[in-house]
$ cat data25.cif   # mmCIF, C-alpha atoms and all ligand atoms
data_model
loop_
_atom_site.label_atom_id
_atom_site.label_comp_id
_atom_site.auth_asym_id
_atom_site.auth_seq_id
_atom_site.Cartn_x
_atom_site.Cartn_y
_atom_site.Cartn_z
CA MET A 1 5.16 -13.86 1.58
CA LYS A 2 5.62 -12.06 4.89
CA VAL A 3 3.34 -9.03 5.18
CA PRO A 4 4.36 -6.58 7.93
CA ALA A 5 1.55 -5.27 10.16
CA PHE A 6 0.15 -1.97 8.90
CA GLN A 7 0.24 -0.37 12.34
CA SER A 8 -1.81 2.81 11.78
CA GLU A 9 -4.61 1.04 9.90
CA ARG A 10 -4.65 -1.87 12.42
CA LEU A 11 -5.17 0.60 15.25
CA LEU A 12 -8.02 2.28 13.36
CA SER A 13 -9.60 -1.03 12.35
CA LEU A 14 -9.66 -2.18 15.97
CA TRP A 15 -10.76 1.00 17.72
CA GLN A 16 -12.06 3.72 15.41
CA ASN A 17 -15.72 2.79 15.77
CA HIS A 18 -15.59 1.93 19.48
CA VAL A 19 -14.06 4.96 21.17
CA GLU A 20 -15.79 8.02 22.55
CA TYR A 21 -13.49 10.46 20.71
CA ASP A 22 -12.11 9.40 17.36
CA LEU A 23 -9.47 11.90 16.24
CA THR A 24 -7.97 9.65 13.58
CA GLU A 25 -9.84 10.99 10.55
CA THR A 26 -7.19 12.67 8.43
CA GLY A 27 -9.57 14.74 6.40
CA VAL A 28 -12.09 17.08 7.93
CA GLU A 29 -15.32 15.45 9.21
CA PRO A 30 -16.66 13.44 6.19
CA LEU A 31 -19.71 14.72 4.34
CA TYR A 32 -23.14 13.27 4.91
CA LEU A 33 -24.87 12.10 1.75
CA ARG A 34 -27.41 14.91 2.23
CA GLU A 35 -24.57 17.47 2.05
CA LEU A 36 -23.33 16.06 -1.24
CA VAL A 37 -26.56 15.58 -3.23
CA THR A 38 -29.96 17.17 -3.47
CA ARG A 39 -33.14 15.12 -3.28
CA ALA A 40 -33.56 15.64 -7.03
CA GLU A 41 -30.08 14.28 -7.74
CA LEU A 42 -30.73 11.34 -5.45
CA ASP A 43 -34.02 10.61 -7.22
CA GLU A 44 -32.21 10.67 -10.53
CA ILE A 45 -29.64 8.15 -9.21
CA TYR A 46 -32.47 6.02 -7.81
CA GLU A 47 -34.23 5.92 -11.18
CA SER A 48 -31.23 5.46 -13.42
CA VAL A 49 -28.39 3.54 -11.73
CA GLN A 50 -28.23 -0.08 -12.65
CA LEU A 51 -26.18 -2.12 -10.16
CA ARG A 52 -24.01 -3.63 -12.82
CA TYR A 53 -20.27 -3.93 -13.40
CA ILE A 54 -19.40 -0.45 -14.57
CA GLN A 55 -16.52 0.20 -16.99
CA THR A 56 -13.68 -1.34 -15.02
CA ASP A 57 -10.95 1.26 -15.56
CA GLY A 58 -13.39 4.14 -14.99
CA THR A 59 -16.54 5.43 -16.65
CA PRO A 60 -15.70 7.96 -19.38
CA ALA A 61 -17.51 10.82 -17.58
CA LEU A 62 -15.63 10.33 -14.32
CA LYS A 63 -12.32 9.87 -16.11
CA GLU A 64 -12.93 13.14 -17.93
CA ALA A 65 -13.73 14.93 -14.65
CA VAL A 66 -10.52 13.64 -13.03
CA CYS A 67 -8.44 14.55 -16.10
CA GLY A 68 -9.82 18.09 -15.74
CA LEU A 69 -8.00 18.40 -12.38
CA TYR A 70 -4.57 18.11 -14.06
CA THR A 71 -2.79 19.76 -16.95
CA GLY A 72 -2.40 17.51 -19.96
CA MET A 73 -3.89 14.35 -18.47
CA ARG A 74 -5.81 12.10 -20.86
CA PRO A 75 -8.18 9.18 -20.14
CA GLU A 76 -5.48 6.65 -21.14
CA ASN A 77 -3.28 8.08 -18.36
CA LEU A 78 -5.84 7.12 -15.74
CA LEU A 79 -7.07 4.05 -13.88
CA LEU A 80 -9.88 4.56 -11.38
CA THR A 81 -9.61 2.42 -8.26
CA ASN A 82 -11.32 1.65 -4.95
CA GLY A 83 -9.69 4.39 -2.93
CA SER A 84 -6.14 5.58 -3.30
CA ALA A 85 -5.07 2.61 -1.17
CA GLU A 86 -5.87 0.28 -4.07
CA ALA A 87 -4.03 2.57 -6.47
CA ASN A 88 -0.91 2.41 -4.26
CA PHE A 89 -1.17 -1.37 -4.09
CA ILE A 90 -1.63 -1.87 -7.81
CA ALA A 91 1.23 0.51 -8.62
CA MET A 92 3.66 -1.22 -6.26
CA TRP A 93 2.60 -4.70 -7.35
CA GLY A 94 3.70 -3.86 -10.86
CA LEU A 95 6.91 -2.07 -9.96
CA VAL A 96 8.73 -4.01 -7.29
CA GLU A 97 10.62 -7.31 -7.44
CA PRO A 98 12.60 -9.02 -4.66
CA GLY A 99 15.97 -7.32 -4.24
CA ASP A 100 14.81 -3.91 -5.52
CA GLU A 101 15.33 -0.86 -3.38
CA VAL A 102 12.52 1.52 -2.47
CA ILE A 103 13.22 4.88 -0.86
CA ALA A 104 10.42 6.39 1.22
CA LEU A 105 10.08 9.90 2.59
CA LEU A 106 9.14 9.60 6.30
CA PRO A 107 7.18 10.28 8.40
CA ASN A 108 4.50 8.88 6.15
CA TYR A 109 1.46 6.69 5.79
CA LEU A 110 3.27 3.35 5.76
CA GLN A 111 1.15 1.44 3.24
CA VAL A 112 3.65 1.65 0.39
CA PRO A 113 6.75 0.82 2.48
CA GLY A 114 4.85 -2.18 3.95
CA ILE A 115 3.83 -3.44 0.51
CA ALA A 116 7.38 -2.95 -0.77
CA ARG A 117 8.74 -5.11 2.07
CA ALA A 118 6.07 -7.76 1.45
CA PHE A 119 7.20 -7.92 -2.21
CA GLY A 120 10.79 -8.48 -1.08
CA ALA A 121 12.20 -4.98 -1.58
CA ASP A 122 14.76 -3.34 0.63
CA VAL A 123 13.19 -0.14 2.02
CA LYS A 124 15.36 2.86 2.93
CA SER A 125 14.19 6.20 4.24
CA PHE A 126 14.95 9.87 4.22
CA TYR A 127 13.15 12.24 6.57
CA LEU A 128 11.20 15.43 6.81
CA ARG A 129 12.86 17.33 9.68
CA PRO A 130 11.81 20.46 11.53
CA GLY A 131 13.75 23.33 9.87
CA ALA A 132 13.68 27.10 9.39
CA THR A 133 10.71 26.95 6.99
CA GLY A 134 8.77 24.15 8.69
CA TRP A 135 9.13 20.46 7.83
CA GLU A 136 12.00 20.16 5.32
CA PRO A 137 13.09 17.01 3.46
CA ASP A 138 16.66 15.85 4.02
CA LEU A 139 17.64 15.94 0.36
CA ASP A 140 21.34 15.27 1.02
CA THR A 141 20.43 11.90 2.50
CA LEU A 142 18.17 11.15 -0.46
CA ARG A 143 21.09 11.80 -2.86
CA THR A 144 23.29 9.37 -0.95
CA LEU A 145 20.58 6.68 -0.88
CA VAL A 146 19.80 6.41 -4.61
CA THR A 147 21.59 3.59 -6.39
CA LYS A 148 21.18 1.60 -9.61
CA ARG A 149 18.92 -0.75 -7.61
CA THR A 150 16.51 2.04 -6.63
CA ARG A 151 13.25 1.12 -8.28
CA VAL A 152 10.85 3.56 -6.59
CA ILE A 153 11.04 6.78 -4.63
CA TYR A 154 7.79 7.13 -2.68
CA LEU A 155 6.41 10.21 -1.00
CA CYS A 156 3.11 11.64 0.12
CA ASN A 157 2.64 15.33 -0.70
CA PRO A 158 0.90 17.19 0.93
CA ASN A 159 2.18 14.98 3.69
CA ASN A 160 0.35 12.74 6.10
CA PRO A 161 1.05 13.04 9.07
CA THR A 162 2.83 16.44 9.21
CA GLY A 163 0.45 18.39 6.96
CA SER A 164 3.50 19.93 5.27
CA VAL A 165 3.89 20.69 1.56
CA LEU A 166 7.13 20.36 -0.42
CA ASP A 167 8.39 23.54 -2.05
CA PHE A 168 9.26 23.68 -5.73
CA ARG A 169 13.00 23.32 -5.11
CA ALA A 170 12.49 20.15 -3.06
CA MET A 171 10.14 18.70 -5.69
CA GLN A 172 12.73 19.34 -8.36
CA ALA A 173 15.53 17.80 -6.29
CA ILE A 174 13.47 14.65 -5.72
CA VAL A 175 12.70 14.34 -9.44
CA GLU A 176 16.41 14.81 -10.21
CA ALA A 177 17.37 12.09 -7.71
CA ALA A 178 14.88 9.68 -9.32
CA ALA A 179 15.99 10.60 -12.85
CA SER A 180 19.68 10.14 -11.94
CA VAL A 181 19.06 6.37 -11.65
CA GLY A 182 15.90 5.96 -13.77
CA ALA A 183 13.74 5.19 -10.70
CA TRP A 184 9.97 5.58 -10.64
CA LEU A 185 8.54 8.36 -8.54
CA LEU A 186 5.32 7.36 -6.78
CA ALA A 187 3.62 10.50 -5.44
CA ASP A 188 0.59 9.97 -3.24
CA GLU A 189 -1.28 13.28 -3.55
CA VAL A 190 -4.54 12.32 -1.86
CA TYR A 191 -4.34 15.45 0.37
CA LEU A 192 -3.87 17.82 -2.58
CA GLY A 193 -6.73 20.34 -2.48
CA ALA A 194 -6.89 20.46 1.32
CA GLU A 195 -4.48 23.44 1.54
CA LEU A 196 -5.63 25.90 4.20
CA SER A 197 -4.46 28.78 2.00
CA GLY A 198 -7.00 27.80 -0.66
CA SER A 199 -4.30 27.57 -3.35
CA PRO A 200 -3.62 24.00 -4.38
CA SER A 201 0.00 22.90 -4.20
CA PRO A 202 1.59 21.76 -7.48
CA SER A 203 1.21 18.14 -8.53
CA PHE A 204 4.13 15.93 -9.57
CA TRP A 205 2.01 15.14 -12.62
CA GLY A 206 4.01 16.12 -15.73
CA SER A 207 7.24 16.67 -13.76
CA TYR A 208 8.96 13.49 -14.97
CA GLU A 209 8.23 10.72 -17.50
CA ARG A 210 8.43 8.13 -14.72
CA ALA A 211 6.10 9.91 -12.27
CA LEU A 212 3.05 7.97 -11.08
CA ILE A 213 0.36 9.91 -9.24
CA VAL A 214 -2.03 8.44 -6.70
CA SER A 215 -5.02 10.39 -5.48
CA GLY A 216 -8.72 10.14 -4.72
CA LEU A 217 -11.72 11.61 -2.97
CA SER A 218 -11.07 10.41 0.58
CA LYS A 219 -9.09 13.28 2.08
CA ALA A 220 -9.25 16.75 0.52
CA TYR A 221 -12.84 15.98 -0.62
CA THR A 222 -13.77 14.27 2.68
CA LEU A 223 -15.57 11.40 0.95
CA PRO A 224 -13.68 8.31 2.16
CA GLY A 225 -16.84 6.20 2.20
CA LEU A 226 -17.20 6.49 -1.58
CA ARG A 227 -13.94 4.54 -2.03
CA VAL A 228 -12.96 6.40 -5.19
CA GLY A 229 -9.29 6.81 -6.02
CA TRP A 230 -7.03 6.82 -9.06
CA LEU A 231 -3.61 6.03 -10.42
CA ALA A 232 -2.18 8.22 -13.19
CA GLY A 233 0.88 7.57 -15.30
CA PRO A 234 2.14 6.81 -18.81
CA PRO A 235 -0.46 4.93 -20.93
CA GLU A 236 1.51 1.66 -21.12
CA VAL A 237 1.97 1.59 -17.33
CA ILE A 238 -1.72 2.31 -16.79
CA ALA A 239 -2.75 -0.40 -19.29
CA ALA A 240 -0.66 -2.94 -17.34
CA ALA A 241 -2.04 -1.67 -14.03
CA TRP A 242 -5.57 -2.14 -15.37
CA GLY A 243 -4.70 -5.80 -15.97
CA ARG A 244 -3.65 -6.17 -12.31
CA HIS A 245 -6.85 -4.40 -11.22
CA ASP A 246 -8.76 -7.30 -12.83
CA TYR A 247 -7.28 -9.43 -10.03
CA THR A 248 -8.06 -7.10 -7.12
CA THR A 249 -11.53 -5.55 -7.21
CA ILE A 250 -12.41 -5.64 -10.95
CA THR A 251 -14.36 -2.39 -10.83
CA ARG A 252 -15.85 0.19 -8.48
CA ASN A 253 -19.30 0.67 -7.02
CA ALA A 254 -21.87 1.96 -9.53
CA ILE A 255 -23.47 4.36 -7.02
CA SER A 256 -20.13 5.75 -5.82
CA GLU A 257 -19.12 6.44 -9.40
CA ARG A 258 -22.18 8.67 -9.86
CA LEU A 259 -21.71 10.41 -6.53
CA ALA A 260 -18.05 11.03 -7.35
CA LEU A 261 -19.07 12.67 -10.58
CA ILE A 262 -21.34 15.03 -8.66
CA ALA A 263 -18.54 15.84 -6.18
CA LEU A 264 -16.22 16.79 -9.02
CA GLN A 265 -18.62 19.18 -10.76
CA PRO A 266 -16.71 22.50 -10.56
CA GLU A 267 -19.23 24.32 -8.39
CA LYS A 268 -19.80 21.41 -6.02
CA ARG A 269 -16.07 20.76 -5.83
CA SER A 270 -15.31 24.36 -4.78
CA GLN A 271 -18.15 24.25 -2.29
CA ILE A 272 -16.78 21.07 -0.64
CA LEU A 273 -13.21 22.39 -0.50
CA ARG A 274 -14.43 25.72 0.94
CA ARG A 275 -16.52 23.94 3.62
CA ASN A 276 -13.52 21.85 4.61
CA ARG A 277 -11.17 24.84 4.77
CA GLU A 278 -13.59 26.71 7.02
CA ILE A 279 -13.97 23.81 9.47
CA ALA A 280 -10.23 23.13 9.43
CA GLY A 281 -9.32 26.80 9.98
CA ARG A 282 -11.60 27.06 13.02
CA ASN A 283 -10.39 23.82 14.59
CA LEU A 284 -6.71 24.50 13.91
CA ALA A 285 -6.98 27.74 15.88
CA LEU A 286 -8.28 25.72 18.86
CA LEU A 287 -5.52 23.14 18.56
CA GLU A 288 -2.84 25.75 18.21
CA ALA A 289 -4.08 27.72 21.23
CA ALA A 290 -4.11 24.54 23.36
CA VAL A 291 -0.58 23.42 22.50
CA ARG A 292 0.95 26.93 22.62
CA LYS A 293 -0.17 27.18 26.27
CA HIS A 294 2.36 24.42 27.08
CA PRO A 295 5.52 25.32 25.15
CA ASP A 296 7.67 23.12 27.39
CA LEU A 297 5.39 20.12 26.75
CA PHE A 298 4.52 20.38 23.05
CA SER A 299 6.42 21.28 19.89
CA PHE A 300 4.28 22.18 16.94
CA ILE A 301 4.78 23.10 13.31
CA PRO A 302 1.35 24.17 12.05
CA PRO A 303 0.11 22.08 9.12
CA LYS A 304 -0.48 23.67 5.72
CA ILE A 305 -3.47 21.44 5.03
CA GLY A 306 -6.76 20.87 6.76
CA GLY A 307 -7.17 17.71 8.82
CA VAL A 308 -3.87 16.46 10.21
CA ALA A 309 -1.43 17.87 12.72
CA PHE A 310 1.71 16.16 13.96
CA VAL A 311 2.43 17.32 17.48
CA GLY A 312 5.70 16.61 19.27
CA TYR A 313 5.65 16.00 23.04
CA ASN A 314 8.42 16.36 25.53
CA LEU A 315 7.87 13.29 27.72
CA PRO A 316 9.99 10.14 28.15
CA ILE A 317 7.31 7.82 26.81
CA ASN A 318 7.03 5.99 23.53
CA SER A 319 4.19 7.30 21.32
CA THR A 320 2.40 3.94 21.07
CA LYS A 321 2.38 3.66 24.87
CA LEU A 322 1.11 7.21 25.18
CA VAL A 323 -1.69 6.60 22.69
CA THR A 324 -2.62 3.39 24.52
CA ARG A 325 -2.98 5.35 27.77
CA LEU A 326 -5.25 7.90 26.08
CA LEU A 327 -7.30 5.06 24.64
CA GLU A 328 -7.61 3.13 27.89
CA GLU A 329 -8.00 6.03 30.30
CA ARG A 330 -9.98 8.55 28.21
CA SER A 331 -11.45 6.62 25.28
CA ILE A 332 -9.65 8.97 22.88
CA LEU A 333 -8.03 7.63 19.73
CA ILE A 334 -5.13 9.45 18.07
CA VAL A 335 -2.27 7.85 16.12
CA PRO A 336 1.27 7.41 17.49
CA GLY A 337 4.22 8.86 15.59
CA ASP A 338 5.64 5.33 15.65
CA ALA A 339 3.02 4.30 13.10
CA PHE A 340 4.50 6.83 10.64
CA GLY A 341 8.15 6.05 11.35
CA LEU A 342 8.84 8.93 13.80
CA ASP A 343 8.46 8.46 17.55
CA GLY A 344 8.01 11.36 20.00
CA TYR A 345 5.01 12.71 18.08
CA VAL A 346 1.30 12.03 17.88
CA ARG A 347 -0.99 12.71 14.93
CA ILE A 348 -4.17 14.52 15.83
CA GLY A 349 -6.99 14.57 13.29
CA TYR A 350 -8.21 18.07 14.08
CA GLY A 351 -11.16 18.17 11.70
CA SER A 352 -13.51 16.37 14.09
CA LYS A 353 -16.54 18.11 15.61
CA ARG A 354 -15.53 16.65 18.96
CA LEU A 355 -12.05 18.18 18.92
CA PRO A 356 -12.69 20.74 21.70
CA GLU A 357 -13.75 18.16 24.33
CA ALA A 358 -11.08 15.64 23.37
CA LEU A 359 -8.32 18.24 23.19
CA GLY A 360 -8.89 19.35 26.78
CA GLN A 361 -8.51 15.76 27.91
CA ILE A 362 -5.39 15.08 25.83
CA VAL A 363 -3.67 18.15 27.26
CA GLU A 364 -4.80 17.26 30.77
CA LEU A 365 -3.41 13.71 30.56
CA LEU A 366 -0.08 14.79 29.08
CA ALA A 367 0.33 17.71 31.49
CA GLY A 368 -0.41 15.27 34.34
CA LEU A 369 2.30 12.93 33.09
CA GLN A 370 4.68 15.86 32.94
CA THR A 371 4.09 16.91 36.55
CA LYS A 372 3.63 13.49 38.14
CA GLY A 373 5.98 11.49 35.92
CA VAL A 374 5.03 9.04 33.16
CA HIS A 375 4.34 6.17 35.56
CA ALA A 376 1.66 8.09 37.46
C1 LIG B 1 -1.32 9.08 2.24
C2 LIG B 1 -2.50 8.19 2.18
N1 LIG B 1 -2.71 7.46 1.08
C3 LIG B 1 -3.75 6.64 0.96
C4 LIG B 1 -4.66 6.51 1.99
C5 LIG B 1 -5.83 5.58 1.79
O1 LIG B 1 -6.93 6.37 1.49
P1 LIG B 1 -8.17 5.90 0.59
O2 LIG B 1 -7.94 4.52 0.15
O3 LIG B 1 -9.36 6.07 1.45
O4 LIG B 1 -8.18 6.87 -0.57
C6 LIG B 1 -4.50 7.24 3.16
C7 LIG B 1 -5.43 7.10 4.29
O5 LIG B 1 -5.23 7.58 5.39
C8 LIG B 1 -3.39 8.12 3.26
O6 LIG B 1 -3.19 8.87 4.33
#
$ encode --input "data25.cif" --output "structure tokens"
Amino acid sequence: MKVPAFQSERLLSLWQNHVEYDLTETGVEPLYLRELVTRAELDEIYESVQLRYIQTDGTPALKEAVCGLYTGMRPENLLLTNGSAEANFIAMWGLVEPGDEVIALLPNYLQVPGIARAFGADVKSFYLRPGATGWEPDLDTLRTLVTKRTRVIYLCNPNNPTGSVLDFRAMQAIVEAAASVGAWLLADEVYLGAELSGSPSPSFWGSYERALIVSGLSKAYTLPGLRVGWLAGPPEVIAAAWGRHDYTTITRNAISERLALIALQPEKRSQILRRNREIAGRNLALLEAAVRKHPDLFSFIPPKIGGVAFVGYNLPINSTKLVTRLLEERSILIVPGDAFGLDGYVRIGYGSKRLPEALGQIVELLAGLQTKGVHA
């Protein structure tokens, strides 16, 4: 099996913990444990958690809390996983055979397209393009791409890296395209809840009998270190996915499961989402002011969610090369558009505390390249 390099994650794995300014976090600055739990709650965990194999598809209490986030979801619709990355993997492992076609909405986090290729599928793409209302999916291309061999249509909504959210009409058109050939719809919704407006965007859950939802606590809830995610779908699909999960990680971490339950208590949940919106709102204003000062250098469609912004630059340099220069010359890590399937852009994680310092340097380097030429 040939597994293509997962470019964005490789870059993070190599550099994220070694650079001065890491602007790759796609959620807002993750929570410290002390921000999530009180001493009393921690004491209770200390006294009561046994470090055993917990219920492998999800403890009933956590399953119930996750079901409460959706309309009409039941425990048998749900498999809890180690992060949404594992949920994506387990879903694709069960769906795709060599020769199948997978259609992916780009730009995107390229885990699912990479897995699809590794399993022998033919991956085609349709794009989000800058349009009158922001980033708009090219639905005409999607309609021409679906065939009887289309096994999965994959998208991430709200979208990483653009921070855009599909409108209802686009969601419906995508469901119709999938239904026209009986394809599965795999919707990665790990950013749902991070909307800057404070009103969550609609889920694909319940939109189609072949919709599979992936989500978790890493992004909107800013708890990536817990490694808690989930896959939701029809009971028979989830039962089969649980069987595959026996081969991957068996179960999750007993402490994380308890912390996740605390994070999803309604009051705590609103508090976390509010904190993240406040940080994101403040930092987005800084980012926007910096790029708007250079309209001939940057193009920018403001994100609708906290954490990620996809900024276009008007320079004759490939995004991976540009990011490498920032890394080598300024010890700043951002992610090239290349790693999401769209060159000419960079993704800036704007939720970091260190955004103001790093932003000044990013603008300085790019403005320098603009005046002196990219080889300067
Ligand atoms: C769209 C998307 N899905 C899944 C993941 C993996 O997240 P985790 O496994 O931490 O939930 C990421 C991480 O960046 C992502 O952007």
$ closest_atom_pairs --input "data25.cif" --of "chain A" --to "ligand LIG 1 (chain B)" --cutoff "8 Å" --atoms "all atoms listed in the file" --output "CSV"
residue,atom,partner,partner_atom,distance
A:Glu9,CA,B:LIG1,O5,8.0
A:Glu25,CA,B:LIG1,O5,7.7
A:Thr26,CA,B:LIG1,O5,6.2
A:Asn82,CA,B:LIG1,O2,6.8
A:Gly83,CA,B:LIG1,O2,3.5
A:Ser84,CA,B:LIG1,O4,3.6
A:Ala85,CA,B:LIG1,O2,3.7
A:Glu86,CA,B:LIG1,O2,6.3
A:Ala87,CA,B:LIG1,O2,7.9
A:Asn88,CA,B:LIG1,C3,7.3
A:Asn108,CA,B:LIG1,C1,7.0
A:Tyr109,CA,B:LIG1,C1,5.1
A:Gln111,CA,B:LIG1,N1,7.5
A:Cys156,CA,B:LIG1,C1,5.5
A:Asn157,CA,B:LIG1,C1,8.0
A:Asn159,CA,B:LIG1,C1,7.0
A:Asn160,CA,B:LIG1,O6,5.5
A:Pro161,CA,B:LIG1,O6,7.6
A:Asp188,CA,B:LIG1,C1,5.9
A:Glu189,CA,B:LIG1,C1,7.2
A:Val190,CA,B:LIG1,N1,6.0
A:Tyr191,CA,B:LIG1,C1,7.3
A:Val214,CA,B:LIG1,N1,7.9
A:Ser215,CA,B:LIG1,O4,6.8
A:Gly216,CA,B:LIG1,O4,5.3
A:Leu217,CA,B:LIG1,O4,6.4
A:Ser218,CA,B:LIG1,O4,4.7
A:Lys219,CA,B:LIG1,O4,7.0
A:Pro224,CA,B:LIG1,O3,4.9
A:Gly225,CA,B:LIG1,O3,7.5
A:Arg227,CA,B:LIG1,O3,6.0
A:Val228,CA,B:LIG1,O4,6.7
A:Gly229,CA,B:LIG1,O4,5.6
$ closest_residue --input "data25.cif" --among "A:Ala309, A:Leu223, A:Leu333, A:Ala91" --to "Trp135 of chain A" --atoms "only C-alpha atoms"
A:Ala309
$ atom_distance --input "data25.cif" --atom1 "atom CA of Thr133 of chain A" --atom2 "atom CA of Asn283 of chain A"
22.6 Å
$ closest_residue --input "data25.cif" --among "A:Gln50, A:Ser203, A:Ser319, A:Thr324" --to "Arg347 of chain A" --atoms "only C-alpha atoms"
A:Ser319
$ atom_distance --input "data25.cif" --atom1 "atom CA of Gly360 of chain A" --atom2 "atom CA of Pro130 of chain A"
25.7 Å
$ residues_near_point --input "data25.cif" --point "(3.1, -3.0, -12.9)" --cutoff "12 Å" --atoms "only C-alpha atoms" --output "CSV table (one decimal) with C-alpha atoms, in the coordinates of the input"
chain,number,residue,atom,x,y,z
A,87,ALA,CA,-4.0,2.6,-6.5
A,88,ASN,CA,-0.9,2.4,-4.3
A,89,PHE,CA,-1.2,-1.4,-4.1
A,90,ILE,CA,-1.6,-1.9,-7.8
A,91,ALA,CA,1.2,0.5,-8.6
A,92,MET,CA,3.7,-1.2,-6.3
A,93,TRP,CA,2.6,-4.7,-7.4
A,94,GLY,CA,3.7,-3.9,-10.9
A,95,LEU,CA,6.9,-2.1,-10.0
A,96,VAL,CA,8.7,-4.0,-7.3
A,97,GLU,CA,10.6,-7.3,-7.4
A,151,ARG,CA,13.2,1.1,-8.3
A,152,VAL,CA,10.8,3.6,-6.6
A,184,TRP,CA,10.0,5.6,-10.6
A,212,LEU,CA,3.0,8.0,-11.1
A,231,LEU,CA,-3.6,6.0,-10.4
A,233,GLY,CA,0.9,7.6,-15.3
A,234,PRO,CA,2.1,6.8,-18.8
A,235,PRO,CA,-0.5,4.9,-20.9
A,236,GLU,CA,1.5,1.7,-21.1
A,237,VAL,CA,2.0,1.6,-17.3
A,238,ILE,CA,-1.7,2.3,-16.8
A,239,ALA,CA,-2.8,-0.4,-19.3
A,240,ALA,CA,-0.7,-2.9,-17.3
A,241,ALA,CA,-2.0,-1.7,-14.0
A,242,TRP,CA,-5.6,-2.1,-15.4
A,243,GLY,CA,-4.7,-5.8,-16.0
A,244,ARG,CA,-3.6,-6.2,-12.3
A,245,HIS,CA,-6.8,-4.4,-11.2
$ closest_residue --input "data25.cif" --among "A:Gly373, A:Gly58, A:Gly368, A:Gly341" --to "Arg258 of chain A" --atoms "only C-alpha atoms"
A:Gly58
$ residues_around --input "data25.cif" --residues "Asp22 of chain A" --least-positions-apart "3" --cutoff "12 Å" --atoms "all atoms listed in the file" --output "VMD selection string"
chain A and resid 11 to 19 25 to 26 29 326 to 327 330 to 335 347 to 355 357 to 359
$ closest_residue --input "data25.cif" --among "A:Ala132, A:Leu166, A:Leu287, A:Leu322" --to "Gly337 of chain A" --atoms "only C-alpha atoms"
A:Leu322
$ residues_around --input "data25.cif" --residues "Leu33 of chain A" --least-positions-apart "4" --cutoff "12 Å" --atoms "all atoms listed in the file" --output "JSON list (two decimals) with C-alpha atoms, keeping the file's coordinate frame"
[["chain", "number", "residue", "atom", "x", "y", "z"],
["A", 37, "VAL", "CA", -26.56, 15.58, -3.23],
["A", 38, "THR", "CA", -29.96, 17.17, -3.47],
["A", 39, "ARG", "CA", -33.14, 15.12, -3.28],
["A", 41, "GLU", "CA", -30.08, 14.28, -7.74],
["A", 42, "LEU", "CA", -30.73, 11.34, -5.45],
["A", 222, "THR", "CA", -13.77, 14.27, 2.68],
["A", 223, "LEU", "CA", -15.57, 11.40, 0.95],
["A", 224, "PRO", "CA", -13.68, 8.31, 2.16],
["A", 225, "GLY", "CA", -16.84, 6.20, 2.20],
["A", 226, "LEU", "CA", -17.20, 6.49, -1.58],
["A", 255, "ILE", "CA", -23.47, 4.36, -7.02],
["A", 256, "SER", "CA", -20.13, 5.75, -5.82],
["A", 259, "LEU", "CA", -21.71, 10.41, -6.53],
["A", 260, "ALA", "CA", -18.05, 11.03, -7.35],
["A", 262, "ILE", "CA", -21.34, 15.03, -8.66],
["A", 263, "ALA", "CA", -18.54, 15.84, -6.18]]
